[in-house]
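J.: You'll find input_16.cif just under this line, and it carries mmCIF, C-alpha atoms and all ligand atoms.
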```cif
data_model
#
loop_
_atom_site.label_atom_id
_atom_site.label_comp_id
_atom_site.auth_asym_id
_atom_site.auth_seq_id
_atom_site.Cartn_x
_atom_site.Cartn_y
_atom_site.Cartn_z
CA MET T 122 70.19 25.53 -50.93
CA HIS T 123 67.80 26.86 -53.59
CA GLU T 124 68.84 29.80 -55.77
CA VAL T 125 66.00 32.15 -56.58
CA ALA T 126 65.85 35.56 -58.27
CA VAL T 127 63.86 38.20 -56.41
CA ILE T 128 62.47 41.43 -57.83
CA PRO T 129 61.57 43.76 -54.94
CA GLY T 130 59.51 45.91 -57.31
CA ASP T 131 57.86 49.30 -56.96
CA GLY T 132 55.35 50.90 -54.58
CA ILE T 133 54.61 48.46 -51.75
CA GLY T 134 56.84 45.87 -53.45
CA PRO T 135 59.93 46.13 -51.22
CA GLU T 136 57.78 46.01 -48.04
CA ILE T 137 55.91 42.83 -49.00
CA THR T 138 59.02 41.19 -50.48
CA GLU T 139 60.89 41.55 -47.23
CA ALA T 140 57.87 40.12 -45.41
CA ALA T 141 57.69 37.05 -47.68
CA GLN T 142 61.43 36.40 -47.32
CA ARG T 143 61.11 36.54 -43.53
CA VAL T 144 58.27 34.02 -43.54
CA VAL T 145 60.11 31.61 -45.87
CA GLU T 146 63.15 31.81 -43.63
CA ALA T 147 61.03 31.19 -40.53
CA ALA T 148 59.66 28.07 -42.26
CA GLY T 149 63.21 26.77 -42.40
CA VAL T 150 63.73 26.73 -46.16
CA ALA T 151 67.23 27.73 -47.23
CA ILE T 152 67.08 30.03 -50.23
CA ARG T 153 69.87 32.17 -51.62
CA TRP T 154 68.03 35.20 -53.01
CA HIS T 155 69.57 36.97 -56.02
CA GLU T 156 68.16 40.48 -56.02
CA VAL T 157 67.24 41.76 -59.47
CA GLN T 158 66.43 45.38 -60.15
CA ALA T 159 63.55 46.11 -62.51
CA GLY T 160 60.87 48.76 -62.79
CA GLU T 161 61.12 52.34 -61.57
CA ALA T 162 64.04 51.46 -59.25
CA ALA T 163 66.05 50.13 -62.20
CA ARG T 164 65.08 53.03 -64.43
CA ALA T 165 66.31 55.47 -61.80
CA THR T 166 69.74 53.82 -61.53
CA SER T 167 70.43 52.44 -65.03
CA GLY T 168 67.99 54.34 -67.24
CA GLU T 169 66.36 51.06 -68.26
CA ALA T 170 63.22 49.61 -66.68
CA LEU T 171 64.21 46.06 -67.62
CA PRO T 172 68.00 45.79 -67.90
CA GLY T 173 69.51 42.84 -69.76
CA ALA T 174 71.31 41.75 -66.57
CA ALA T 175 67.97 41.31 -64.80
CA LEU T 176 66.65 39.05 -67.54
CA ALA T 177 69.92 37.10 -67.67
CA THR T 178 69.78 36.35 -63.92
CA ILE T 179 66.19 35.13 -64.07
CA ARG T 180 66.91 32.99 -67.16
CA ARG T 181 69.89 31.44 -65.45
CA LEU T 182 68.09 30.65 -62.18
CA ARG T 183 64.78 29.77 -63.93
CA VAL T 184 62.69 30.79 -60.95
CA ALA T 185 61.80 34.20 -59.53
CA LEU T 186 59.71 35.80 -56.81
CA LYS T 187 58.42 39.10 -58.16
CA ALA T 188 56.78 42.05 -56.46
CA PRO T 189 54.51 44.39 -58.48
CA LEU T 190 56.13 46.82 -60.94
CA LEU T 191 54.95 50.18 -62.23
CA ALA T 192 57.11 51.01 -65.21
CA GLY T 193 55.56 51.62 -68.59
CA ARG T 194 52.15 52.95 -67.61
CA ARG T 195 52.81 56.62 -67.76
CA THR T 196 55.31 56.37 -70.59
CA GLY T 197 53.06 54.34 -72.90
CA GLY T 198 55.20 51.20 -72.75
CA ILE T 199 58.80 50.09 -72.33
CA THR T 200 61.64 49.11 -74.63
CA VAL T 201 63.97 46.18 -74.01
CA THR T 202 67.31 46.71 -75.74
CA ASN T 203 69.38 43.61 -74.98
CA GLU T 204 70.09 40.78 -77.45
CA GLY T 205 68.61 41.22 -80.89
CA GLY T 206 67.72 44.89 -80.93
CA PRO T 207 65.00 46.96 -79.30
CA ARG T 208 61.64 45.38 -78.60
CA ARG T 209 58.66 47.42 -77.47
CA TYR T 210 56.08 46.18 -74.92
CA PRO T 211 52.95 47.85 -73.51
CA SER T 212 54.10 47.37 -69.88
CA ILE T 213 57.00 45.94 -67.93
CA ASN T 214 54.88 42.99 -66.85
CA SER T 215 54.17 41.97 -70.42
CA ALA T 216 57.86 42.54 -71.28
CA LEU T 217 58.98 40.19 -68.50
CA ARG T 218 56.46 37.52 -69.44
CA ARG T 219 57.28 37.67 -73.14
CA GLU T 220 61.05 37.86 -72.72
CA LEU T 221 61.02 34.86 -70.36
CA GLY T 222 58.63 32.83 -72.53
CA LEU T 223 55.97 32.67 -69.80
CA PHE T 224 52.62 31.80 -71.31
CA VAL T 225 50.23 30.91 -68.54
CA ASN T 226 49.22 32.75 -65.41
CA VAL T 227 47.82 30.56 -62.63
CA ARG T 228 45.77 32.22 -59.94
CA PRO T 229 44.40 29.96 -57.21
CA VAL T 230 41.75 31.76 -55.14
CA ARG T 231 40.75 30.13 -51.87
CA GLY T 232 38.47 31.53 -49.23
CA PHE T 233 39.54 31.86 -45.60
CA ALA T 234 37.42 30.78 -42.63
CA THR T 235 35.61 33.73 -40.98
CA LEU T 236 37.41 36.40 -43.00
CA SER T 237 35.88 35.41 -46.35
CA GLY T 238 32.32 35.14 -44.96
CA ALA T 239 30.01 33.59 -47.58
CA TYR T 240 33.05 32.84 -49.73
CA ALA T 241 35.00 30.86 -47.13
CA ALA T 242 34.53 27.64 -49.13
CA MET T 243 35.48 29.21 -52.44
CA ASP T 244 38.30 27.26 -54.09
CA VAL T 245 38.91 28.02 -57.75
CA ILE T 246 42.02 28.02 -59.91
CA ILE T 247 42.02 30.58 -62.70
CA PHE T 248 44.23 29.88 -65.73
CA ARG T 249 44.85 32.99 -67.78
CA GLU T 250 46.56 32.95 -71.16
CA ILE T 251 49.15 35.76 -71.11
CA THR T 252 50.71 36.11 -74.54
CA GLU T 253 47.84 37.32 -76.68
CA ASP T 254 44.22 38.56 -76.73
CA ILE T 255 43.55 42.29 -76.60
CA TYR T 256 46.66 42.88 -74.46
CA ILE T 257 49.09 42.50 -77.38
CA GLY T 258 49.09 46.30 -77.45
CA GLU T 259 48.13 46.74 -81.11
CA GLU T 260 46.05 49.89 -80.90
CA ARG T 261 45.52 52.55 -83.50
CA GLU T 262 43.58 55.73 -84.06
CA PRO T 263 42.33 55.65 -87.68
CA GLU T 264 40.76 59.08 -87.28
CA PRO T 265 40.38 61.58 -84.46
CA GLY T 266 37.73 60.42 -82.01
CA CYS T 267 38.02 56.78 -83.00
CA ALA T 268 40.37 54.19 -81.52
CA GLU T 269 40.72 50.47 -82.25
CA ALA T 270 42.55 47.53 -80.68
CA VAL T 271 43.39 44.14 -82.12
CA LYS T 272 42.25 41.03 -80.24
CA ARG T 273 44.37 38.04 -81.28
CA ILE T 274 43.56 34.45 -80.33
CA THR T 275 45.47 31.53 -81.80
CA ARG T 276 44.77 27.81 -81.64
CA ALA T 277 48.39 27.12 -80.68
CA ALA T 278 48.44 29.43 -77.63
CA THR T 279 44.99 28.29 -76.52
CA GLU T 280 45.94 24.61 -76.81
CA ARG T 281 49.05 25.27 -74.76
CA LEU T 282 46.95 26.94 -72.04
CA ALA T 283 44.32 24.19 -72.08
CA ARG T 284 46.86 21.38 -71.93
CA PHE T 285 48.60 23.10 -69.07
CA ALA T 286 45.31 23.54 -67.20
CA CYS T 287 44.51 19.84 -67.75
CA GLU T 288 47.86 18.66 -66.37
CA TYR T 289 47.61 20.96 -63.39
CA ALA T 290 44.01 19.90 -62.70
CA LEU T 291 44.79 16.19 -62.95
CA GLY T 292 47.83 16.57 -60.70
CA ARG T 293 45.69 18.17 -57.98
CA GLY T 294 42.61 15.98 -58.16
CA ARG T 295 40.51 18.64 -59.87
CA ARG T 296 37.76 17.55 -62.25
CA LEU T 297 35.91 20.39 -63.96
CA ILE T 298 37.46 22.85 -66.43
CA THR T 299 35.26 25.75 -67.48
CA ALA T 300 36.15 27.78 -70.58
CA VAL T 301 35.27 31.48 -70.15
CA HIS T 302 34.40 33.31 -73.38
CA LYS T 303 32.05 35.68 -75.19
CA ALA T 304 31.68 33.56 -78.29
CA ASN T 305 28.09 34.63 -78.87
CA VAL T 306 29.45 38.06 -79.89
CA LEU T 307 33.09 37.37 -80.79
CA HIS T 308 32.43 34.35 -83.00
CA LEU T 309 35.89 34.09 -84.51
CA THR T 310 38.23 34.96 -81.64
CA ASP T 311 36.37 33.69 -78.57
CA GLY T 312 34.77 30.99 -80.72
CA LEU T 313 38.23 29.65 -81.51
CA PHE T 314 39.22 29.83 -77.85
CA LEU T 315 36.08 28.00 -76.72
CA GLU T 316 36.27 25.19 -79.26
CA THR T 317 39.99 24.68 -78.71
CA VAL T 318 39.64 24.35 -74.92
CA ARG T 319 36.63 22.06 -75.40
CA ARG T 320 38.59 19.74 -77.70
CA VAL T 321 41.62 19.52 -75.41
CA VAL T 322 39.60 18.90 -72.24
CA GLU T 323 37.18 16.42 -73.78
CA ALA T 324 40.15 14.30 -74.87
CA ARG T 325 41.32 14.04 -71.23
CA PRO T 326 38.90 11.94 -69.18
CA PRO T 327 38.15 11.95 -66.28
CA LEU T 328 38.27 15.74 -66.70
CA GLU T 329 34.92 17.33 -67.49
CA PHE T 330 34.36 20.34 -69.69
CA SER T 331 31.90 23.18 -69.23
CA GLU T 332 31.65 26.68 -70.67
CA GLU T 333 30.38 30.00 -69.45
CA ALA T 334 30.04 33.40 -71.10
CA VAL T 335 32.22 35.88 -69.20
CA ASP T 336 29.29 38.00 -67.95
CA ALA T 337 27.48 34.90 -66.67
CA ALA T 338 30.74 33.67 -65.16
CA CYS T 339 31.04 36.90 -63.12
CA TYR T 340 27.46 36.54 -61.91
CA ARG T 341 27.85 32.88 -60.98
CA LEU T 342 31.17 33.44 -59.28
CA VAL T 343 29.39 35.87 -56.97
CA LYS T 344 26.18 33.83 -56.54
CA GLU T 345 27.38 30.20 -56.64
CA PRO T 346 31.19 30.06 -56.48
CA GLN T 347 31.06 26.34 -55.65
CA ARG T 348 29.98 25.67 -59.27
CA PHE T 349 33.51 26.43 -60.42
CA ASP T 350 36.68 24.40 -60.07
CA VAL T 351 39.24 25.34 -62.76
CA LEU T 352 38.61 28.27 -65.12
CA ALA T 353 40.44 28.55 -68.47
CA CYS T 354 40.37 32.15 -69.68
CA PRO T 355 41.75 34.31 -72.46
CA ASN T 356 44.05 37.05 -71.21
CA GLN T 357 41.57 39.86 -70.54
CA TYR T 358 38.75 37.84 -68.96
CA GLY T 359 41.29 36.06 -66.75
CA ASP T 360 42.66 39.40 -65.60
CA ILE T 361 39.23 40.68 -64.64
CA LEU T 362 37.86 37.45 -63.13
CA SER T 363 40.87 36.97 -60.90
CA ASP T 364 40.50 40.45 -59.37
CA LEU T 365 36.80 39.74 -58.87
CA ALA T 366 37.55 36.40 -57.19
CA ALA T 367 40.20 38.02 -54.98
CA GLY T 368 37.70 40.67 -53.91
CA LEU T 369 35.11 38.02 -53.02
CA VAL T 370 37.42 36.21 -50.62
CA GLY T 371 38.33 39.46 -48.89
CA SER T 372 41.06 41.51 -50.52
CA LEU T 373 43.41 41.78 -53.46
CA GLY T 374 46.03 41.51 -50.76
CA LEU T 375 45.23 37.79 -50.36
CA ALA T 376 45.59 36.53 -53.93
CA PRO T 377 48.81 34.93 -55.21
CA GLY T 378 49.77 34.03 -58.75
CA ALA T 379 52.32 32.20 -60.87
CA ASN T 380 53.52 32.84 -64.42
CA LEU T 381 54.79 29.64 -65.95
CA GLY T 382 56.57 28.70 -69.15
CA ALA T 383 58.82 25.96 -70.47
CA GLU T 384 62.05 27.68 -69.36
CA ALA T 385 61.16 29.72 -66.29
CA ALA T 386 58.60 30.31 -63.55
CA MET T 387 57.84 33.62 -61.89
CA PHE T 388 55.64 33.97 -58.80
CA GLU T 389 53.84 37.22 -58.00
CA PRO T 390 50.76 38.61 -56.27
CA VAL T 391 47.67 39.42 -58.34
CA HIS T 392 47.60 42.98 -57.04
CA GLY T 393 49.56 45.95 -58.33
CA ALA T 394 52.13 48.22 -56.68
CA ALA T 395 49.45 50.12 -54.71
CA PRO T 396 51.24 53.49 -54.82
CA ASP T 397 48.44 55.00 -52.73
CA ILE T 398 49.67 53.14 -49.62
CA ALA T 399 53.36 52.65 -50.46
CA GLY T 400 55.85 53.49 -47.72
CA ARG T 401 53.20 53.62 -44.98
CA GLY T 402 53.94 50.15 -43.64
CA ILE T 403 50.32 49.00 -43.94
CA ALA T 404 50.42 46.80 -47.06
CA ASN T 405 49.00 43.32 -46.69
CA PRO T 406 51.89 40.88 -47.27
CA VAL T 407 49.69 37.76 -47.55
CA ALA T 408 49.41 37.65 -51.37
CA MET T 409 53.19 37.87 -51.61
CA VAL T 410 53.63 35.23 -48.88
CA LEU T 411 51.20 32.92 -50.69
CA SER T 412 53.08 33.57 -53.95
CA ALA T 413 56.17 32.34 -52.12
CA VAL T 414 54.12 29.29 -51.10
CA LEU T 415 53.46 28.55 -54.80
CA LEU T 416 57.18 29.04 -55.43
CA LEU T 417 58.07 26.57 -52.66
CA GLU T 418 55.67 23.99 -54.15
CA HIS T 419 57.40 24.50 -57.48
CA LEU T 420 60.79 23.92 -55.81
CA GLY T 421 59.54 20.67 -54.29
CA GLU T 422 59.27 22.14 -50.77
CA GLY T 423 55.66 21.02 -50.37
CA ALA T 424 55.83 20.46 -46.60
CA ALA T 425 57.13 23.96 -45.85
CA ALA T 426 54.61 25.42 -48.31
CA ALA T 427 51.75 23.65 -46.52
CA ARG T 428 52.97 24.87 -43.13
CA ILE T 429 53.08 28.49 -44.30
CA ARG T 430 49.58 28.15 -45.74
CA ARG T 431 48.31 26.78 -42.42
CA ALA T 432 50.03 29.65 -40.58
CA VAL T 433 48.30 32.17 -42.86
CA GLU T 434 44.94 30.46 -42.32
CA ALA T 435 45.43 30.41 -38.55
CA VAL T 436 46.41 34.09 -38.28
CA LEU T 437 43.58 35.25 -40.54
CA ALA T 438 41.01 33.06 -38.75
CA ARG T 439 42.06 34.45 -35.35
CA GLY T 440 41.43 37.91 -36.78
CA ARG T 441 43.52 39.76 -34.20
CA VAL T 442 46.38 40.89 -36.43
CA LEU T 443 44.94 42.17 -39.71
CA THR T 444 46.07 44.97 -42.02
CA PRO T 445 43.62 47.81 -42.86
CA ASP T 446 42.51 46.25 -46.18
CA LEU T 447 41.18 43.33 -44.08
CA GLY T 448 39.44 45.64 -41.61
CA GLY T 449 42.20 45.67 -38.99
CA SER T 450 44.81 48.18 -37.90
CA ALA T 451 47.99 46.07 -37.91
CA THR T 452 51.10 47.00 -39.85
CA THR T 453 52.84 44.86 -42.46
CA ASP T 454 55.53 44.17 -39.91
CA GLU T 455 53.07 43.07 -37.21
CA LEU T 456 51.21 40.72 -39.57
CA THR T 457 54.53 39.27 -40.78
CA ALA T 458 55.65 38.70 -37.18
CA ALA T 459 52.32 36.98 -36.43
CA LEU T 460 52.82 34.66 -39.41
CA CYS T 461 56.35 33.78 -38.31
CA ALA T 462 55.13 33.10 -34.76
CA ALA T 463 52.22 30.96 -36.01
CA LEU T 464 54.66 28.82 -37.98
CA GLN T 465 55.98 27.47 -34.69
CA SER T 466 52.61 25.92 -33.79
CA VAL T 467 51.13 24.64 -37.06
P1 LIG T 501 47.43 46.67 -61.55
O1 LIG T 501 46.82 47.32 -62.75
O2 LIG T 501 48.91 46.52 -61.61
O3 LIG T 501 46.73 45.39 -61.17
P2 LIG T 501 45.92 48.53 -60.02
O4 LIG T 501 46.19 49.93 -60.44
O5 LIG T 501 44.70 47.85 -60.52
O6 LIG T 501 47.21 47.65 -60.33
P3 LIG T 501 46.55 47.94 -57.29
O7 LIG T 501 47.90 48.52 -57.20
O8 LIG T 501 46.42 46.47 -57.29
O9 LIG T 501 45.79 48.57 -58.51
O10 LIG T 501 45.66 48.54 -56.12
C1 LIG T 501 44.23 48.54 -56.13
C2 LIG T 501 43.74 48.90 -54.73
O11 LIG T 501 43.98 47.79 -53.87
C3 LIG T 501 44.48 50.09 -54.13
O12 LIG T 501 43.59 50.86 -53.37
C4 LIG T 501 45.51 49.45 -53.25
O13 LIG T 501 45.88 50.24 -52.16
C5 LIG T 501 44.83 48.16 -52.81
N1 LIG T 501 45.83 47.10 -52.59
C6 LIG T 501 46.47 46.39 -53.57
N2 LIG T 501 47.32 45.52 -53.02
C7 LIG T 501 47.24 45.68 -51.68
C8 LIG T 501 47.89 45.07 -50.56
N3 LIG T 501 48.83 44.10 -50.72
N4 LIG T 501 47.58 45.49 -49.34
C9 LIG T 501 46.65 46.43 -49.16
N5 LIG T 501 45.98 47.04 -50.16
C10 LIG T 501 46.28 46.68 -51.41
#
```
Take the structure I supplied and represent it as structure tokens, if you would.
Ligand code: ATP
T.:
Amino acid sequence: MHEVAVIPGDGIGPEITEAAQRVVEAAGVAIRWHEVQAGEAARATSGEALPGAALATIRRLRVALKAPLLAGRRTGGITVTNEGGPRRYPSINSALRRELGLFVNVRPVRGFATLSGAYAAMDVIIFREITEDIYIGEEREPEPGCAEAVKRITRAATERLARFACEYALGRGRRLITAVHKANVLHLTDGLFLETVRRVVEARPPLEFSEEAVDAACYRLVKEPQRFDVLACPNQYGDILSDLAAGLVGSLGLAPGANLGAEAAMFEPVHGAAPDIAGRGIANPVAMVLSAVLLLEHLGEGAAAARIRRAVEAVLARGRVLTPDLGGSATTDELTAALCAALQSV
């Protein structure tokens, strides 16, 4: 029996979490879920968006399935008060990642037959550094009408990302790692990122290195996605490219992700809490289900993970039970039921 923390999250979070748990159960994997409250739900009950107890549970279990969270956006950030005094973060997502020592975000984006049209064969893995870059939240307003933000890139964090991408790529038979940058303008920051990734990858044959400016990378992802295999990105470009890639294969509702560190792993969809459709029962659960697939692979449940993936592919290819974001009219519940039924025949 695996023990896994689960954060049901905000907005559509609870709906898609329940869906993913149903699918995992239907695949026959025994998991004891430890529910952890964080986000607006936790703030409403305990006054804190990220209570110390939530962090303690995830640290103890070392693995979590996480739905999207909202807290921090409207309030200009959140404060974590446990152990060692208050620490301020720009959002609850960055607080969770930093507090748990998670440093890389992995976002595999694969096309689906029929549904993804011209992008059906797309198969890229985006590695996004998640501890630095412009998202460190160091902004200031030196004078009215002028605002600045600090972009921080370090060799140490970039090496860690690049090494991680190399291991992951080698373990999955991938060959090409492309560093995404804007070093022609940001000579120091993106220049450091580019040269660091180059050095790490070039020392790891048979891996091959290539580089692409972020604007060109967007263009090529749209025009020739097959040119890419593994992308190594600083925080901001990785954030943007992974939404773009998710859109190309059909919907944000299809893209899973993993946040990994030395001490813990947290699996979550690329998309946000989608408050515009929350509570209507029409959220697409697939990104959350595929995040659970990544979690199962991490737990060593590769066979069950592969079965769930095949069930997702079969249901999407049939095209009869699709949520509105995919052009259908099915509910979250109906799509979840179709996935559970498909599991019996894949
Ligand atoms: P974040 O900044 O946290 O990534 P966001 O504000 O960019 O979030 P999302 O919450 O991801 O935005 O939503 C963007 C759009 O995609 C919304 O219109 C939302 O309804 C839609 N969307 C996101 N996830 C899903 C899903 N699982 N199913 C259906 N639609 C979704």
J.: Could you pull out the residues sitting within 6 Å of ligand LIG 501 (chain T), using all atoms listed in the file, and write them as a VMD selection string?
T.: chain T and resid 373 to 374 392 to 395 397 to 398 404 to 406 446
J.: Between T:His308, T:His123, T:Arg143, T:Lys303, which residue has the minimum interatomic distance to Thr457 in chain T, considering all atoms listed in the file?
T.: T:Arg143
J.: Closest to Arg276 in chain T among T:Arg320, T:His155, T:Arg295, T:Arg249, using only C-alpha atoms?
T.: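 Looking at the shortest contact to Arg276 in chain T, the residue is T:Arg320.
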J.: Please write as a ChimeraX atom specification the list of polymer residues whose atoms come within 7 Å of (65.5, 31.3, -48.2), counting all atoms listed in the file and keeping to the coordinates of the file.
T.: /T:142,145-146,150-154
J.: What's the 10 Å shell around Thr275 in chain T, counting all atoms listed in the file, without same-chain residues fewer than 4 positions away, as number ranges by chain?
T.: T: 253-254, 279-280, 310-311, 313-314, 317
J.: From the options T:Glu316, T:Asp364, T:Glu156, T:Asp244, which residue's atoms come nearest to Val351 in chain T, counting all atoms listed in the file?
T.: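 The closest residue to Val351 in chain T is T:Asp244.
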J.: So which residues are close to (35.5, 25.2, -72.1), meaning at most 6 Å away in the file's coordinates with only C-alpha atoms counted, and can you show them as a list in words?
T.: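 Answer for this query, in the requested form: Thr299, Ala300, Leu315, Val318, Arg319, Phe330, Ser331 and Glu332 of chain T.
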J.: Could you work out how far CA of Thr453 in chain T lies from CA of Val433 in chain T, giving the answer in Å with one decimal?
T.: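 We find that CA of Val433 in chain T and CA of Thr453 in chain T lie 13.5 Å from each other.
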J.: Find the spatial neighbours of Tyr240 in chain T, counting all atoms listed in the file, within a cut-off of 8 Å - ignore same-chain residues fewer than 2 positions away - and output them as JSON, numbers by chain.
T.: {"T": [232, 233, 237, 238, 242, 243, 346, 369, 370]}
J.: Selection from above, C-alpha atoms, as a PDB file, in the coordinates of the input, can you write it?
T.:
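Wrote it out as part.pdb, contents follow:
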```
ATOM      1  CA  GLY T 232      38.470  31.530 -49.230  1.00  0.00           C
ATOM      2  CA  PHE T 233      39.540  31.860 -45.600  1.00  0.00           C
ATOM      3  CA  SER T 237      35.880  35.410 -46.350  1.00  0.00           C
ATOM      4  CA  GLY T 238      32.320  35.140 -44.960  1.00  0.00           C
ATOM      5  CA  ALA T 242      34.530  27.640 -49.130  1.00  0.00           C
ATOM      6  CA  MET T 243      35.480  29.210 -52.440  1.00  0.00           C
ATOM      7  CA  PRO T 346      31.190  30.060 -56.480  1.00  0.00           C
ATOM      8  CA  LEU T 369      35.110  38.020 -53.020  1.00  0.00           C
ATOM      9  CA  VAL T 370      37.420  36.210 -50.620  1.00  0.00           C
TER      10      VAL T 370
END
```
J.: Under the rule that all atoms listed in the file are counted, which of T:Ala451, T:Val301, T:Val245, T:Val321 is the nearest residue to Glu345 in chain T?
T.: T:Val245
J.: So which residues touch Ala463 in chain T within 9 Å, counting only C-alpha atoms, skipping near sequence neighbours fewer than 3 positions away, as JSON, numbers by chain?
T.: {"T": [429, 431, 432, 433, 435, 436, 458, 459, 460, 466, 467]}
J.: For Ala278 in chain T, which of T:Gly423, T:Gly371, T:Gly222, T:Pro396 is the closest residue, counting all atoms listed in the file?
T.: T:Gly222
J.: Write out as a short mmCIF file (atom, residue, chain, number, x, y, z; two decimals) with C-alpha atoms, keeping the file's coordinate frame the residues lying within 12 Å of Pro327 in chain T, counting all atoms listed in the file and excluding same-chain residues fewer than 6 positions away.
T.:
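selection04.cif, written as the output of this step:
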```cif
data_model
loop_
_atom_site.label_atom_id
_atom_site.label_comp_id
_atom_site.auth_asym_id
_atom_site.auth_seq_id
_atom_site.Cartn_x
_atom_site.Cartn_y
_atom_site.Cartn_z
CA CYS T 287 44.51 19.84 -67.75
CA GLU T 288 47.86 18.66 -66.37
CA ALA T 290 44.01 19.90 -62.70
CA LEU T 291 44.79 16.19 -62.95
CA GLY T 294 42.61 15.98 -58.16
CA ARG T 295 40.51 18.64 -59.87
CA ARG T 296 37.76 17.55 -62.25
CA LEU T 297 35.91 20.39 -63.96
CA ILE T 298 37.46 22.85 -66.43
#
```
J.: Can you pull out every residue within 8 Å of Val227 in chain T, counting all atoms listed in the file, but drop anything in the same chain fewer than 3 positions away, and send it as a PyMOL selection string?
T.: chain T and resi 246-249+378-381
J.: Find the distance between CA of Leu447 in chain T and CA of Ile403 in chain T and write it in Å to one decimal.
T.: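 A separation of 10.8 Å between them.
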